[in-house]
$ cat structure-v5.cif   # mmCIF, C-alpha atoms
data_protein
#
loop_
_atom_site.group_PDB
_atom_site.id
_atom_site.type_symbol
_atom_site.label_atom_id
_atom_site.label_comp_id
_atom_site.auth_asym_id
_atom_site.auth_seq_id
_atom_site.Cartn_x
_atom_site.Cartn_y
_atom_site.Cartn_z
ATOM 1 C CA MET A 26 0.000 0.000 0.000
ATOM 2 C CA VAL A 27 1.372 3.406 -0.997
ATOM 3 C CA LEU A 28 1.406 5.985 1.805
ATOM 4 C CA ARG A 29 -0.371 9.248 0.983
ATOM 5 C CA THR A 30 -0.057 12.745 2.379
ATOM 6 C CA ARG A 31 -2.985 14.390 4.184
ATOM 7 C CA GLU A 32 -3.581 16.642 1.182
ATOM 8 C CA GLU A 33 -3.726 13.675 -1.186
ATOM 9 C CA MET A 34 -6.108 11.872 1.180
ATOM 10 C CA ARG A 35 -8.330 14.955 1.328
ATOM 11 C CA MET A 36 -8.470 15.178 -2.463
ATOM 12 C CA ILE A 37 -9.293 11.477 -2.758
ATOM 13 C CA ARG A 38 -12.187 11.747 -0.263
ATOM 14 C CA GLU A 39 -13.759 14.699 -2.079
ATOM 15 C CA GLY A 40 -16.376 14.231 -4.763
ATOM 16 C CA ASN A 41 -19.385 11.959 -5.179
ATOM 17 C CA ILE A 42 -19.159 8.198 -4.711
ATOM 18 C CA ILE A 43 -19.789 6.590 -8.097
ATOM 19 C CA ALA A 44 -18.735 2.995 -7.353
ATOM 20 C CA THR A 45 -18.010 0.691 -4.415
ATOM 21 C CA ALA A 46 -15.945 -2.472 -4.041
ATOM 22 C CA ARG A 47 -14.663 -4.848 -1.376
ATOM 23 C CA CYS A 48 -11.250 -3.831 -0.047
ATOM 24 C CA TYR A 49 -8.328 -5.444 -1.863
ATOM 25 C CA GLU A 50 -6.090 -5.538 1.224
ATOM 26 C CA PRO A 51 -5.774 -9.093 2.646
ATOM 27 C CA GLY A 52 -7.789 -9.558 5.820
ATOM 28 C CA CYS A 53 -9.493 -6.152 5.702
ATOM 29 C CA GLY A 54 -12.961 -6.846 4.314
ATOM 30 C CA GLY A 55 -13.903 -3.169 4.374
ATOM 31 C CA THR A 56 -15.803 -1.219 1.753
ATOM 32 C CA MET A 57 -13.935 0.866 -0.807
ATOM 33 C CA GLU A 58 -15.610 4.032 -2.071
ATOM 34 C CA GLY A 59 -14.753 5.039 -5.623
ATOM 35 C CA ARG A 60 -14.621 8.694 -6.647
ATOM 36 C CA LYS A 61 -13.276 10.397 -9.754
ATOM 37 C CA GLY A 62 -10.389 12.730 -9.089
ATOM 38 C CA GLU A 63 -6.629 13.183 -9.212
ATOM 39 C CA TYR A 64 -4.129 10.457 -8.383
ATOM 40 C CA LYS A 65 -0.363 10.757 -7.929
ATOM 41 C CA TYR A 66 0.823 7.743 -9.913
ATOM 42 C CA THR A 67 3.980 6.904 -7.944
ATOM 43 C CA GLU A 68 3.535 3.188 -8.670
ATOM 44 C CA CYS A 69 5.208 3.771 -12.040
ATOM 45 C CA GLY A 70 8.421 4.715 -10.249
ATOM 46 C CA LEU A 71 8.094 8.464 -10.834
ATOM 47 C CA ASN A 72 6.936 11.198 -8.467
ATOM 48 C CA SER A 73 6.044 13.557 -11.306
ATOM 49 C CA VAL A 74 2.981 11.903 -12.893
ATOM 50 C CA THR A 75 -0.567 12.883 -11.895
ATOM 51 C CA LEU A 76 -3.578 11.143 -13.409
ATOM 52 C CA LYS A 77 -6.579 13.419 -13.826
ATOM 53 C CA GLY A 78 -10.199 12.311 -13.694
ATOM 54 C CA VAL A 79 -9.548 8.664 -12.824
ATOM 55 C CA LEU A 80 -11.579 6.461 -10.508
ATOM 56 C CA VAL A 81 -9.839 6.166 -7.125
ATOM 57 C CA PHE A 82 -11.052 3.723 -4.461
ATOM 58 C CA HIS A 83 -10.562 4.539 -0.761
ATOM 59 C CA CYS A 84 -11.189 1.954 1.966
ATOM 60 C CA THR A 85 -13.099 3.500 4.857
ATOM 61 C CA LYS A 86 -11.749 0.816 7.195
ATOM 62 C CA CYS A 87 -7.995 0.511 6.542
ATOM 63 C CA ASN A 88 -7.464 3.687 4.432
ATOM 64 C CA ALA A 89 -6.051 1.699 1.500
ATOM 65 C CA ILE A 90 -6.020 3.693 -1.753
ATOM 66 C CA VAL A 91 -6.387 1.851 -5.059
ATOM 67 C CA PRO A 92 -6.708 3.611 -8.438
ATOM 68 C CA ASP A 93 -8.437 2.140 -11.465
ATOM 69 C CA ILE A 94 -5.564 2.679 -13.904
ATOM 70 C CA PRO A 95 -6.870 3.285 -17.444
ATOM 71 C CA ALA A 96 -5.090 1.149 -20.082
ATOM 72 C CA ALA A 97 -1.755 0.849 -18.284
ATOM 73 C CA GLY A 98 0.154 -0.153 -21.425
ATOM 74 C CA VAL A 99 -1.001 2.977 -23.231
ATOM 75 C CA LEU A 100 -0.480 5.113 -20.133
ATOM 76 C CA HIS A 101 3.166 4.052 -19.731
ATOM 77 C CA ARG A 102 3.902 4.809 -23.362
ATOM 78 C CA VAL A 103 2.275 8.228 -23.067
ATOM 79 C CA ILE A 104 4.569 8.904 -20.102
ATOM 80 C CA ALA A 105 7.526 7.686 -22.172
ATOM 81 C CA MET A 106 6.682 10.030 -25.053
ATOM 82 C CA LYS A 107 6.591 12.946 -22.634
ATOM 83 C CA LEU A 108 10.019 11.969 -21.301
ATOM 84 C CA LEU A 109 11.444 11.559 -24.803
ATOM 85 C CA ILE A 110 10.711 15.186 -25.673
ATOM 86 C CA LYS A 111 11.826 16.556 -22.323
ATOM 87 C CA GLU A 112 14.209 19.460 -22.930
ATOM 88 C CA THR A 113 16.438 18.736 -19.933
ATOM 89 C CA LEU A 114 18.438 15.638 -19.035
ATOM 90 C CA LEU A 115 16.536 12.666 -17.692
ATOM 91 C CA THR A 116 16.652 12.083 -13.963
ATOM 92 C CA GLY A 117 17.777 8.712 -12.648
ATOM 93 C CA SER A 118 14.216 7.596 -11.928
ATOM 94 C CA GLU A 119 13.130 8.608 -15.436
ATOM 95 C CA LEU A 120 15.989 6.630 -16.929
ATOM 96 C CA ARG A 121 14.957 3.602 -14.851
ATOM 97 C CA PHE A 122 11.344 3.968 -16.003
ATOM 98 C CA LEU A 123 12.430 3.956 -19.658
ATOM 99 C CA ARG A 124 14.758 0.976 -19.148
ATOM 100 C CA LYS A 125 11.916 -1.033 -17.649
ATOM 101 C CA LEU A 126 9.539 0.043 -20.423
ATOM 102 C CA CYS A 127 11.988 -1.454 -22.912
ATOM 103 C CA GLY A 128 11.999 -4.680 -20.893
ATOM 104 C CA TYR A 129 15.722 -4.613 -20.121
ATOM 105 C CA SER A 130 17.106 -6.081 -16.933
ATOM 106 C CA VAL A 131 19.991 -4.193 -15.345
ATOM 107 C CA THR A 132 22.370 -6.828 -16.736
ATOM 108 C CA GLU A 133 20.984 -6.573 -20.270
ATOM 109 C CA PHE A 134 20.979 -2.794 -20.134
ATOM 110 C CA SER A 135 24.570 -2.788 -18.889
ATOM 111 C CA GLU A 136 25.639 -4.917 -21.856
ATOM 112 C CA ILE A 137 23.755 -2.757 -24.361
ATOM 113 C CA MET A 138 25.256 0.439 -22.953
ATOM 114 C CA GLY A 139 28.763 -1.040 -22.933
ATOM 115 C CA SER A 140 29.120 -0.589 -19.185
ATOM 116 C CA PRO A 141 31.681 -2.867 -17.477
ATOM 117 C CA ASN A 142 29.417 -3.706 -14.523
ATOM 118 C CA LYS A 143 25.901 -3.263 -13.180
ATOM 119 C CA SER A 144 26.961 -0.852 -10.442
ATOM 120 C CA VAL A 145 27.311 1.873 -13.085
ATOM 121 C CA ILE A 146 23.655 1.424 -14.060
ATOM 122 C CA TYR A 147 22.584 1.557 -10.420
ATOM 123 C CA ARG A 148 24.456 4.851 -9.990
ATOM 124 C CA TRP A 149 22.805 6.276 -13.103
ATOM 125 C CA GLU A 150 19.368 5.361 -11.791
ATOM 126 C CA THR A 151 19.783 6.259 -8.115
ATOM 127 C CA GLN A 152 22.207 9.185 -8.271
ATOM 128 C CA SER A 153 21.534 10.588 -11.774
ATOM 129 C CA THR A 154 25.229 10.375 -12.677
ATOM 130 C CA HIS A 155 24.726 9.625 -16.374
ATOM 131 C CA GLY A 156 25.846 12.188 -18.928
ATOM 132 C CA LYS A 157 24.273 13.721 -22.014
ATOM 133 C CA ASP A 158 25.574 11.041 -24.391
ATOM 134 C CA THR A 159 23.980 8.291 -22.289
ATOM 135 C CA ASP A 160 20.791 10.332 -22.097
ATOM 136 C CA ARG A 161 20.544 10.534 -25.876
ATOM 137 C CA ILE A 162 21.293 6.835 -26.374
ATOM 138 C CA VAL A 163 18.546 5.859 -23.937
ATOM 139 C CA ARG A 164 16.033 8.085 -25.709
ATOM 140 C CA LEU A 165 16.956 6.566 -29.066
ATOM 141 C CA LEU A 166 16.599 3.029 -27.667
ATOM 142 C CA VAL A 167 13.101 3.834 -26.420
ATOM 143 C CA THR A 168 12.225 5.561 -29.689
ATOM 144 C CA GLY A 169 13.284 2.406 -31.527
ATOM 145 C CA LYS A 170 11.041 0.296 -29.297
ATOM 146 C CA LEU A 171 8.018 2.524 -29.907
ATOM 147 C CA ILE A 172 8.587 2.598 -33.652
ATOM 148 C CA ARG A 173 8.922 -1.201 -33.777
ATOM 149 C CA GLU A 174 5.612 -1.475 -31.951
ATOM 150 C CA LEU A 175 3.942 1.031 -34.272
ATOM 151 C CA THR A 176 5.167 -0.546 -37.498
ATOM 152 C CA GLY A 177 5.690 -4.196 -36.579
ATOM 153 C CA THR A 178 2.218 -5.227 -35.428
ATOM 154 C CA PRO A 179 -1.230 -4.906 -37.041
ATOM 155 C CA ASP A 180 -2.747 -3.686 -33.745
ATOM 156 C CA PRO A 181 -0.118 -1.616 -31.878
ATOM 157 C CA ILE A 182 -0.606 -0.534 -28.280
ATOM 158 C CA LEU A 183 -0.502 3.143 -29.289
ATOM 159 C CA HIS A 184 -2.920 4.534 -31.860
ATOM 160 C CA ASN A 185 -3.014 7.873 -33.683
ATOM 161 C CA VAL A 186 0.786 8.112 -33.650
ATOM 162 C CA ASN A 187 2.777 8.501 -36.859
ATOM 163 C CA ALA A 188 6.123 6.707 -36.568
ATOM 164 C CA ALA A 189 7.944 9.015 -38.975
ATOM 165 C CA GLN A 190 6.666 12.144 -37.233
ATOM 166 C CA LEU A 191 7.545 10.704 -33.818
ATOM 167 C CA LEU A 192 11.123 10.078 -34.956
ATOM 168 C CA LEU A 193 11.376 13.555 -36.472
ATOM 169 C CA ASP A 194 10.078 15.216 -33.295
ATOM 170 C CA ILE A 195 12.563 13.345 -31.122
ATOM 171 C CA GLU A 196 15.468 14.018 -33.493
ATOM 172 C CA GLN A 197 14.688 17.727 -33.306
ATOM 173 C CA ASN A 198 14.381 17.570 -29.528
ATOM 174 C CA LEU A 199 17.788 15.902 -29.138
ATOM 175 C CA LYS A 200 19.337 19.148 -30.391
ATOM 176 C CA LEU A 201 17.635 21.161 -27.649
ATOM 177 C CA ILE A 202 18.411 19.189 -24.492
ATOM 178 C CA GLN A 203 19.852 21.386 -21.775
ATOM 179 C CA PRO A 204 22.616 19.986 -19.525
ATOM 180 C CA ARG A 205 20.597 20.112 -16.308
ATOM 181 C CA ARG A 206 18.131 17.810 -14.580
ATOM 182 C CA VAL A 207 14.630 18.902 -13.643
ATOM 183 C CA ASP A 208 11.745 16.870 -12.241
ATOM 184 C CA GLU A 209 9.001 18.185 -14.496
ATOM 185 C CA GLU A 210 5.373 17.534 -13.602
ATOM 186 C CA TYR A 211 3.159 15.606 -16.009
ATOM 187 C CA GLU A 212 -0.641 15.573 -15.876
ATOM 188 C CA ILE A 213 -2.420 12.922 -17.923
ATOM 189 C CA SER A 214 -6.163 12.957 -18.516
ATOM 190 C CA PRO A 215 -8.576 10.188 -19.593
ATOM 191 C CA GLU A 216 -9.059 12.098 -22.880
ATOM 192 C CA GLU A 217 -5.355 11.831 -23.650
ATOM 193 C CA ILE A 218 -5.308 8.109 -22.898
ATOM 194 C CA ALA A 219 -8.462 7.624 -24.991
ATOM 195 C CA ARG A 220 -6.853 9.381 -27.967
ATOM 196 C CA PHE A 221 -3.749 7.190 -27.955
ATOM 197 C CA ARG A 222 -5.818 4.139 -27.153
ATOM 198 C CA GLY A 223 -7.869 4.679 -30.273
ATOM 199 C CA VAL A 224 -11.139 5.313 -28.417
ATOM 200 C CA PRO A 225 -13.379 8.047 -29.886
ATOM 201 C CA GLU A 226 -13.227 11.137 -27.685
ATOM 202 C CA THR A 227 -16.874 11.203 -26.671
ATOM 203 C CA GLU A 228 -18.280 11.475 -23.165
ATOM 204 C CA PRO A 229 -19.499 7.818 -23.006
ATOM 205 C CA ALA A 230 -16.045 6.565 -24.034
ATOM 206 C CA ILE A 231 -14.331 8.704 -21.413
ATOM 207 C CA GLN A 232 -16.716 7.473 -18.746
ATOM 208 C CA GLU A 233 -16.129 3.847 -19.760
ATOM 209 C CA LEU A 234 -12.391 4.385 -19.618
ATOM 210 C CA ALA A 235 -12.611 5.717 -16.071
ATOM 211 C CA VAL A 236 -14.703 2.945 -14.569
ATOM 212 C CA GLN A 237 -13.626 -0.192 -16.419
#
$ encode --input "structure-v5.cif" --output "structure tokens"
Amino acid sequence: MVLRTREEMRMIREGNIIATARCYEPGCGGTMEGRKGEYKYTECGLNSVTLKGVLVFHCTKCNAIVPDIPAAGVLHRVIAMKLLIKETLLTGSELRFLRKLCGYSVTEFSEIMGSPNKSVIYRWETQSTHGKDTDRIVRLLVTGKLIRELTGTPDPILHNVNAAQLLLDIEQNLKLIQPRRVDEEYEISPEEIARFRGVPETEPAIQELAVQ
């Protein structure tokens, strides 16, 4: 269970109850009240992602908080695209997120990056010690993964994305990266997920996305 601040708990409790469920925590048995609102999505490994308008369940007995994550595969790739066009160097946690999105273990990633041992990767990810050349290589690796998904399968995870335009945008962005690290904040709405999921942006579709 992820610990939440008082302000986050207050925001979660606000709003009308639109769904209920039995608590997911083992041995609790309480009732979870579901409300639409904001959710700090720290489960992805980043402290900078806020989901807007998602269904968040709060247990009135044990205070467990469980979000209904909309299309997690699409969501993680939307986060990745935002990181790929970030105009400052990736932080260590952002680099780790992208490595995991590509499906690389620390050992595999170490071999791909030509690092002599895994401790270098751990330092990159925990202390943000990687340089601008490493930053660019990681972004290109992730870009390659997304393009393979877009062009290599008849039903890719992401929709409404042009592979050639994506590559062009990232190539242009690589020229603009500033040599400093900033934890930028990213807000992601159900409408944005629906667009890249290929769901028509109508009110019924957005509602379905939030409560599925």
$ closest_atom_pairs --input "structure-v5.cif" --of "region 168-187 of chain A" --to "region 94-118 of chain A" --cutoff "9 Å" --atoms "only C-alpha atoms" --output "tab-separated table"
residue	atom	partner	partner_atom	distance
A:Thr168	CA	A:Leu109	CA	7.8
A:Leu171	CA	A:Arg102	CA	8.1
A:Ile182	CA	A:Val99	CA	6.2
A:Leu183	CA	A:Val99	CA	6.1
A:His184	CA	A:Val99	CA	9.0
$ write_last_selection --input "structure-v5.cif" --atoms "C-alpha atoms" --output "PDB file, keeping the file's coordinate frame"
ATOM      1  CA  THR A 168      12.225   5.561 -29.689  1.00  0.00           C
ATOM      2  CA  LEU A 171       8.018   2.524 -29.907  1.00  0.00           C
ATOM      3  CA  ILE A 182      -0.606  -0.534 -28.280  1.00  0.00           C
ATOM      4  CA  LEU A 183      -0.502   3.143 -29.289  1.00  0.00           C
ATOM      5  CA  HIS A 184      -2.920   4.534 -31.860  1.00  0.00           C
TER       6      HIS A 184
END
$ atom_distance --input "structure-v5.cif" --atom1 "CA of Glu50 (chain A)" --atom2 "CA of His83 (chain A)"
11.2 Å
$ closest_residue --input "structure-v5.cif" --among "A:Ser153, A:Ser144, A:Ser135, A:Gln190" --to "Arg205 (chain A)" --atoms "all atoms listed in the file"
A:Ser153
$ atom_distance --input "structure-v5.cif" --atom1 "CA of Cys84 (chain A)" --atom2 "CA of Arg47 (chain A)"
8.3 Å
$ atom_distance --input "structure-v5.cif" --atom1 "CA of Tyr147 (chain A)" --atom2 "CA of Arg121 (chain A)"
9.1 Å
$ resolve_selection --input "structure-v5.cif" --expression "the PyMOL selection byres ((chain A and resi 199) around 12)" --output "JSON, numbers by chain"
{"A": [108, 109, 110, 111, 112, 113, 114, 115, 157, 158, 159, 160, 161, 162, 163, 164, 165, 168, 192, 193, 194, 195, 196, 197, 198, 200, 201, 202, 203, 204]}
$ residues_around --input "structure-v5.cif" --residues "region 76-82 of chain A" --least-positions-apart "6" --cutoff "10 Å" --atoms "only C-alpha atoms" --output "VMD selection string"
chain A and resid 37 to 38 42 to 49 56 to 66 88 to 95 100 211 to 216 231 to 232 234 to 237
$ closest_residue --input "structure-v5.cif" --among "A:Cys87, A:Gly128, A:Glu68, A:Glu119" --to "Asp208 (chain A)" --atoms "all atoms listed in the file"
A:Glu119
$ closest_residue --input "structure-v5.cif" --among "A:Leu175, A:Thr67, A:Glu217, A:Gly169" --to "Leu126 (chain A)" --atoms "all atoms listed in the file"
A:Gly169
$ build_atoms --input "structure-v5.cif" --residues "region 155-190 of chain A" --atoms "N, CA and C atoms" --output "mmCIF file, in the frame of the given file"
data_model
loop_
_atom_site.group_PDB
_atom_site.id
_atom_site.type_symbol
_atom_site.label_atom_id
_atom_site.label_comp_id
_atom_site.auth_asym_id
_atom_site.auth_seq_id
_atom_site.Cartn_x
_atom_site.Cartn_y
_atom_site.Cartn_z
ATOM 1 N N HIS A 155 24.500 9.815 -14.948
ATOM 2 C CA HIS A 155 24.726 9.625 -16.374
ATOM 3 C C HIS A 155 24.873 10.979 -17.071
ATOM 4 N N GLY A 156 25.602 10.961 -18.175
ATOM 5 C CA GLY A 156 25.846 12.188 -18.928
ATOM 6 C C GLY A 156 24.918 12.348 -20.114
ATOM 7 N N LYS A 157 25.173 13.399 -20.907
ATOM 8 C CA LYS A 157 24.273 13.721 -22.014
ATOM 9 C C LYS A 157 24.332 12.686 -23.131
ATOM 10 N N ASP A 158 25.497 12.065 -23.343
ATOM 11 C CA ASP A 158 25.574 11.041 -24.391
ATOM 12 C C ASP A 158 24.727 9.827 -24.012
ATOM 13 N N THR A 159 24.812 9.400 -22.762
ATOM 14 C CA THR A 159 23.980 8.291 -22.289
ATOM 15 C C THR A 159 22.507 8.645 -22.393
ATOM 16 N N ASP A 160 22.175 9.862 -22.030
ATOM 17 C CA ASP A 160 20.791 10.332 -22.097
ATOM 18 C C ASP A 160 20.239 10.182 -23.513
ATOM 19 N N ARG A 161 21.000 10.599 -24.484
ATOM 20 C CA ARG A 161 20.544 10.534 -25.876
ATOM 21 C C ARG A 161 20.426 9.088 -26.355
ATOM 22 N N ILE A 162 21.356 8.241 -25.962
ATOM 23 C CA ILE A 162 21.293 6.835 -26.374
ATOM 24 C C ILE A 162 20.045 6.176 -25.817
ATOM 25 N N VAL A 163 19.741 6.445 -24.555
ATOM 26 C CA VAL A 163 18.546 5.859 -23.937
ATOM 27 C C VAL A 163 17.291 6.316 -24.672
ATOM 28 N N ARG A 164 17.218 7.583 -24.998
ATOM 29 C CA ARG A 164 16.033 8.085 -25.709
ATOM 30 C C ARG A 164 15.900 7.420 -27.079
ATOM 31 N N LEU A 165 17.009 7.216 -27.756
ATOM 32 C CA LEU A 165 16.956 6.566 -29.066
ATOM 33 C C LEU A 165 16.550 5.101 -28.945
ATOM 34 N N LEU A 166 17.013 4.416 -27.890
ATOM 35 C CA LEU A 166 16.599 3.029 -27.667
ATOM 36 C C LEU A 166 15.089 2.935 -27.473
ATOM 37 N N VAL A 167 14.539 3.844 -26.677
ATOM 38 C CA VAL A 167 13.101 3.834 -26.420
ATOM 39 C C VAL A 167 12.328 4.216 -27.686
ATOM 40 N N THR A 168 12.856 5.188 -28.423
ATOM 41 C CA THR A 168 12.225 5.561 -29.689
ATOM 42 C C THR A 168 12.161 4.367 -30.629
ATOM 43 N N GLY A 169 13.260 3.605 -30.691
ATOM 44 C CA GLY A 169 13.284 2.406 -31.527
ATOM 45 C C GLY A 169 12.226 1.403 -31.106
ATOM 46 N N LYS A 170 12.056 1.229 -29.783
ATOM 47 C CA LYS A 170 11.041 0.296 -29.297
ATOM 48 C C LYS A 170 9.648 0.739 -29.727
ATOM 49 N N LEU A 171 9.349 2.026 -29.553
ATOM 50 C CA LEU A 171 8.018 2.524 -29.907
ATOM 51 C C LEU A 171 7.756 2.402 -31.409
ATOM 52 N N ILE A 172 8.762 2.688 -32.210
ATOM 53 C CA ILE A 172 8.587 2.598 -33.652
ATOM 54 C C ILE A 172 8.394 1.145 -34.093
ATOM 55 N N ARG A 173 9.125 0.223 -33.467
ATOM 56 C CA ARG A 173 8.922 -1.201 -33.777
ATOM 57 C C ARG A 173 7.503 -1.626 -33.438
ATOM 58 N N GLU A 174 6.983 -1.134 -32.317
ATOM 59 C CA GLU A 174 5.612 -1.475 -31.951
ATOM 60 C C GLU A 174 4.609 -0.883 -32.937
ATOM 61 N N LEU A 175 4.879 0.347 -33.375
ATOM 62 C CA LEU A 175 3.942 1.031 -34.272
ATOM 63 C C LEU A 175 3.918 0.404 -35.658
ATOM 64 N N THR A 176 5.063 -0.067 -36.118
ATOM 65 C CA THR A 176 5.167 -0.546 -37.498
ATOM 66 C C THR A 176 5.230 -2.069 -37.614
ATOM 67 N N GLY A 177 5.462 -2.749 -36.495
ATOM 68 C CA GLY A 177 5.690 -4.196 -36.579
ATOM 69 C C GLY A 177 4.503 -5.052 -36.233
ATOM 70 N N THR A 178 3.393 -4.455 -35.790
ATOM 71 C CA THR A 178 2.218 -5.227 -35.428
ATOM 72 C C THR A 178 0.974 -4.609 -36.063
ATOM 73 N N PRO A 179 -0.011 -5.446 -36.421
ATOM 74 C CA PRO A 179 -1.230 -4.906 -37.041
ATOM 75 C C PRO A 179 -2.088 -4.114 -36.060
ATOM 76 N N ASP A 180 -1.953 -4.388 -34.758
ATOM 77 C CA ASP A 180 -2.747 -3.686 -33.745
ATOM 78 C C ASP A 180 -1.811 -3.203 -32.639
ATOM 79 N N PRO A 181 -1.077 -2.105 -32.876
ATOM 80 C CA PRO A 181 -0.118 -1.616 -31.878
ATOM 81 C C PRO A 181 -0.811 -1.111 -30.613
ATOM 82 N N ILE A 182 -0.056 -1.026 -29.550
ATOM 83 C CA ILE A 182 -0.606 -0.534 -28.280
ATOM 84 C C ILE A 182 -1.029 0.925 -28.417
ATOM 85 N N LEU A 183 -0.187 1.733 -29.069
ATOM 86 C CA LEU A 183 -0.502 3.143 -29.289
ATOM 87 C C LEU A 183 -1.218 3.322 -30.617
ATOM 88 N N HIS A 184 -2.223 4.175 -30.625
ATOM 89 C CA HIS A 184 -2.920 4.534 -31.860
ATOM 90 C C HIS A 184 -2.769 6.038 -32.088
ATOM 91 N N ASN A 185 -3.066 6.455 -33.314
ATOM 92 C CA ASN A 185 -3.014 7.873 -33.683
ATOM 93 C C ASN A 185 -1.623 8.470 -33.477
ATOM 94 N N VAL A 186 -0.603 7.660 -33.718
ATOM 95 C CA VAL A 186 0.786 8.112 -33.650
ATOM 96 C C VAL A 186 1.457 7.756 -34.962
ATOM 97 N N ASN A 187 2.062 8.733 -35.610
ATOM 98 C CA ASN A 187 2.777 8.501 -36.859
ATOM 99 C C ASN A 187 4.246 8.257 -36.542
ATOM 100 N N ALA A 188 4.762 7.092 -36.932
ATOM 101 C CA ALA A 188 6.123 6.707 -36.568
ATOM 102 C C ALA A 188 7.163 7.682 -37.122
ATOM 103 N N ALA A 189 6.980 8.105 -38.361
ATOM 104 C CA ALA A 189 7.944 9.015 -38.975
ATOM 105 C C ALA A 189 7.944 10.370 -38.274
ATOM 106 N N GLN A 190 6.757 10.858 -37.920
ATOM 107 C CA GLN A 190 6.666 12.144 -37.233
ATOM 108 C C GLN A 190 7.239 12.049 -35.820
#
